[in-house]
Amino acid sequence: MLKPVAIAFALLFALFAGFQYNDPDPEVWIPIYGLAVLASIMALTRVGRPWFFWLMAALYVVAAIYQWPPHFEGFLLDEMGMKTVNIELAREAGGLAICAIAMAILGRLVR
């Protein structure tokens, strides 16, 4: 079960990183998703230990809480462009939460 999940997460986070090339701050988000790709590959090759993935999950949770908007306006409007800062912050926090969930799953599967 670990192998297909780790491959799926690696591909998903590589896609997330690729979407950041036209973001206003790609130097922040490409490494964030790149670390998730690296962690997924570590799980695939069984290099990482469970505590590493749990630590990554905790760090992503803290980052998602920190990134959460002061006023939640949702994730999407009628189009994909950034309408408000709160929507952009919610999307970023959501991406971090997805990373946290993935790291927790990998931590459980590597056990």
# chains A, B, ... in the order shown; residues from 1 in each chain; ligands from 1
$ residues_around --residues "segment 71-74 of chain A" --least-positions-apart "2" --cutoff "10 Å" --atoms "only C-alpha atoms" --output "VMD selection string"
chain A and resid 68 to 69 76 to 77 84 to 91
$ closest_residue --among "A:Ala6, A:Ile41, A:Leu55, A:Ala63" --to "Trp29 of chain A" --atoms "only C-alpha atoms"
A:Ala63
$ closest_residue --among "A:Val110, A:Ile65, A:Ala58, A:Ile32" --to "Arg46 of chain A" --atoms "only C-alpha atoms"
A:Val110
$ atom_distance --atom1 "atom CA of Lys3 of chain A" --atom2 "atom CA of Phe19 of chain A"
24.5 Å
$ atom_distance --atom1 "atom CA of Leu38 of chain A" --atom2 "atom CA of Met1 of chain A"
18.5 Å
$ atom_distance --atom1 "atom CA of Met56 of chain A" --atom2 "atom CA of Ala97 of chain A"
11.3 Å
$ residues_around --residues "Gly48 of chain A" --least-positions-apart "4" --cutoff "12 Å" --atoms "only C-alpha atoms" --output "PDB file with N, CA and C atoms, in the first residue's frame"
ATOM      1  N   ALA A   6       2.757   6.646  -1.958  1.00  0.00           N
ATOM      2  CA  ALA A   6       3.926   7.531  -2.009  1.00  0.00           C
ATOM      3  C   ALA A   6       4.133   8.079  -3.414  1.00  0.00           C
ATOM      4  N   LEU A  38      10.022  15.408  -1.886  1.00  0.00           N
ATOM      5  CA  LEU A  38      11.191  14.707  -1.345  1.00  0.00           C
ATOM      6  C   LEU A  38      10.790  13.729  -0.242  1.00  0.00           C
ATOM      7  N   ALA A  39       9.908  14.161   0.645  1.00  0.00           N
ATOM      8  CA  ALA A  39       9.447  13.274   1.719  1.00  0.00           C
ATOM      9  C   ALA A  39       8.697  12.071   1.148  1.00  0.00           C
ATOM     10  N   SER A  40       7.916  12.287   0.107  1.00  0.00           N
ATOM     11  CA  SER A  40       7.186  11.174  -0.515  1.00  0.00           C
ATOM     12  C   SER A  40       8.158  10.169  -1.129  1.00  0.00           C
ATOM     13  N   ILE A  41       9.210  10.679  -1.747  1.00  0.00           N
ATOM     14  CA  ILE A  41      10.232   9.790  -2.317  1.00  0.00           C
ATOM     15  C   ILE A  41      10.975   9.061  -1.204  1.00  0.00           C
ATOM     16  N   MET A  42      11.214   9.751  -0.102  1.00  0.00           N
ATOM     17  CA  MET A  42      11.852   9.100   1.046  1.00  0.00           C
ATOM     18  C   MET A  42      10.983   7.956   1.571  1.00  0.00           C
ATOM     19  N   ALA A  43       9.670   8.169   1.600  1.00  0.00           N
ATOM     20  CA  ALA A  43       8.772   7.103   2.046  1.00  0.00           C
ATOM     21  C   ALA A  43       8.790   5.948   1.048  1.00  0.00           C
ATOM     22  N   LEU A  44       8.790   6.277  -0.233  1.00  0.00           N
ATOM     23  CA  LEU A  44       8.807   5.252  -1.272  1.00  0.00           C
ATOM     24  C   LEU A  44      10.035   4.366  -1.164  1.00  0.00           C
ATOM     25  N   PHE A  52      10.001  11.216  11.363  1.00  0.00           N
ATOM     26  CA  PHE A  52      10.286  12.287  10.410  1.00  0.00           C
ATOM     27  C   PHE A  52       8.995  12.768   9.743  1.00  0.00           C
ATOM     28  N   PHE A  53       8.151  11.826   9.326  1.00  0.00           N
ATOM     29  CA  PHE A  53       6.903  12.195   8.652  1.00  0.00           C
ATOM     30  C   PHE A  53       5.924  12.857   9.625  1.00  0.00           C
ATOM     31  N   TRP A  54       5.918  12.378  10.873  1.00  0.00           N
ATOM     32  CA  TRP A  54       5.056  13.023  11.876  1.00  0.00           C
ATOM     33  C   TRP A  54       5.536  14.443  12.178  1.00  0.00           C
ATOM     34  N   LEU A  55       6.854  14.631  12.215  1.00  0.00           N
ATOM     35  CA  LEU A  55       7.403  15.979  12.410  1.00  0.00           C
ATOM     36  C   LEU A  55       7.036  16.885  11.238  1.00  0.00           C
ATOM     37  N   MET A  56       7.166  16.368  10.017  1.00  0.00           N
ATOM     38  CA  MET A  56       6.777  17.146   8.835  1.00  0.00           C
ATOM     39  C   MET A  56       5.290  17.509   8.895  1.00  0.00           C
ATOM     40  N   MET A 103       1.643  13.791   4.919  1.00  0.00           N
ATOM     41  CA  MET A 103       2.779  13.377   5.746  1.00  0.00           C
ATOM     42  C   MET A 103       2.330  12.446   6.872  1.00  0.00           C
ATOM     43  N   LEU A 106       1.768   9.082   5.296  1.00  0.00           N
ATOM     44  CA  LEU A 106       3.051   8.430   5.023  1.00  0.00           C
ATOM     45  C   LEU A 106       3.697   7.936   6.320  1.00  0.00           C
ATOM     46  N   GLY A 107       3.600   8.730   7.382  1.00  0.00           N
ATOM     47  CA  GLY A 107       4.142   8.303   8.675  1.00  0.00           C
ATOM     48  C   GLY A 107       3.501   7.026   9.168  1.00  0.00           C
ATOM     49  N   ARG A 108       2.210   6.922   8.946  1.00  0.00           N
ATOM     50  CA  ARG A 108       1.486   5.718   9.357  1.00  0.00           C
ATOM     51  C   ARG A 108       1.876   4.505   8.491  1.00  0.00           C
ATOM     52  N   LEU A 109       2.025   4.743   7.188  1.00  0.00           N
ATOM     53  CA  LEU A 109       2.339   3.631   6.290  1.00  0.00           C
ATOM     54  C   LEU A 109       3.778   3.162   6.405  1.00  0.00           C
ATOM     55  N   VAL A 110       4.690   4.062   6.746  1.00  0.00           N
ATOM     56  CA  VAL A 110       6.104   3.691   6.870  1.00  0.00           C
ATOM     57  C   VAL A 110       6.327   2.839   8.108  1.00  0.00           C
ATOM     58  N   ARG A 111       5.494   2.998   9.115  1.00  0.00           N
ATOM     59  CA  ARG A 111       5.597   2.235  10.362  1.00  0.00           C
ATOM     60  C   ARG A 111       5.746   0.821  10.122  1.00  0.00           C
TER      61      ARG A 111
END
$ select_by_dssp --residues "chain A" --states "alpha helix (DSSP H)" --output "VMD selection string"
chain A and resid 2 to 19 26 to 44 50 to 67 85 to 110
$ closest_residue --among "A:Val47, A:Ala93, A:Ala17, A:Leu35" --to "Phe75 of chain A" --atoms "only C-alpha atoms"
A:Ala93
$ decode --residues "segment 20-34 of chain A" --atoms "N, CA and C atoms" --output "mmCIF file, in the first residue's frame"
data_model
loop_
_atom_site.group_PDB
_atom_site.id
_atom_site.type_symbol
_atom_site.label_atom_id
_atom_site.label_comp_id
_atom_site.auth_asym_id
_atom_site.auth_seq_id
_atom_site.Cartn_x
_atom_site.Cartn_y
_atom_site.Cartn_z
ATOM 1 N N GLN A 20 3.084 26.677 -9.126
ATOM 2 C CA GLN A 20 3.547 27.875 -8.420
ATOM 3 C C GLN A 20 4.449 28.770 -9.264
ATOM 4 N N TYR A 21 4.811 28.346 -10.480
ATOM 5 C CA TYR A 21 5.768 29.133 -11.268
ATOM 6 C C TYR A 21 5.272 30.538 -11.564
ATOM 7 N N ASN A 22 3.962 30.737 -11.676
ATOM 8 C CA ASN A 22 3.443 32.080 -11.952
ATOM 9 C C ASN A 22 2.830 32.734 -10.712
ATOM 10 N N ASP A 23 3.076 32.174 -9.557
ATOM 11 C CA ASP A 23 2.598 32.727 -8.297
ATOM 12 C C ASP A 23 3.425 33.963 -7.948
ATOM 13 N N PRO A 24 2.863 34.902 -7.221
ATOM 14 C CA PRO A 24 3.652 36.086 -6.831
ATOM 15 C C PRO A 24 4.871 35.758 -5.971
ATOM 16 N N ASP A 25 4.838 34.649 -5.256
ATOM 17 C CA ASP A 25 5.972 34.279 -4.398
ATOM 18 C C ASP A 25 6.365 32.813 -4.592
ATOM 19 N N PRO A 26 6.818 32.449 -5.805
ATOM 20 C CA PRO A 26 7.165 31.045 -6.049
ATOM 21 C C PRO A 26 8.371 30.581 -5.240
ATOM 22 N N GLU A 27 9.241 31.506 -4.835
ATOM 23 C CA GLU A 27 10.428 31.128 -4.059
ATOM 24 C C GLU A 27 10.059 30.596 -2.679
ATOM 25 N N VAL A 28 8.836 30.845 -2.253
ATOM 26 C CA VAL A 28 8.356 30.304 -0.976
ATOM 27 C C VAL A 28 7.659 28.964 -1.194
ATOM 28 N N TRP A 29 6.775 28.910 -2.177
ATOM 29 C CA TRP A 29 5.880 27.769 -2.318
ATOM 30 C C TRP A 29 6.484 26.598 -3.066
ATOM 31 N N ILE A 30 7.362 26.833 -4.016
ATOM 32 C CA ILE A 30 7.989 25.709 -4.703
ATOM 33 C C ILE A 30 8.816 24.864 -3.731
ATOM 34 N N PRO A 31 9.640 25.461 -2.853
ATOM 35 C CA PRO A 31 10.348 24.628 -1.870
ATOM 36 C C PRO A 31 9.417 23.921 -0.872
ATOM 37 N N ILE A 32 8.323 24.560 -0.501
ATOM 38 C CA ILE A 32 7.382 23.928 0.433
ATOM 39 C C ILE A 32 6.825 22.645 -0.173
ATOM 40 N N TYR A 33 6.371 22.726 -1.419
ATOM 41 C CA TYR A 33 5.853 21.528 -2.080
ATOM 42 C C TYR A 33 6.986 20.600 -2.500
ATOM 43 N N GLY A 34 8.149 21.157 -2.793
ATOM 44 C CA GLY A 34 9.304 20.330 -3.127
ATOM 45 C C GLY A 34 9.718 19.438 -1.962
#
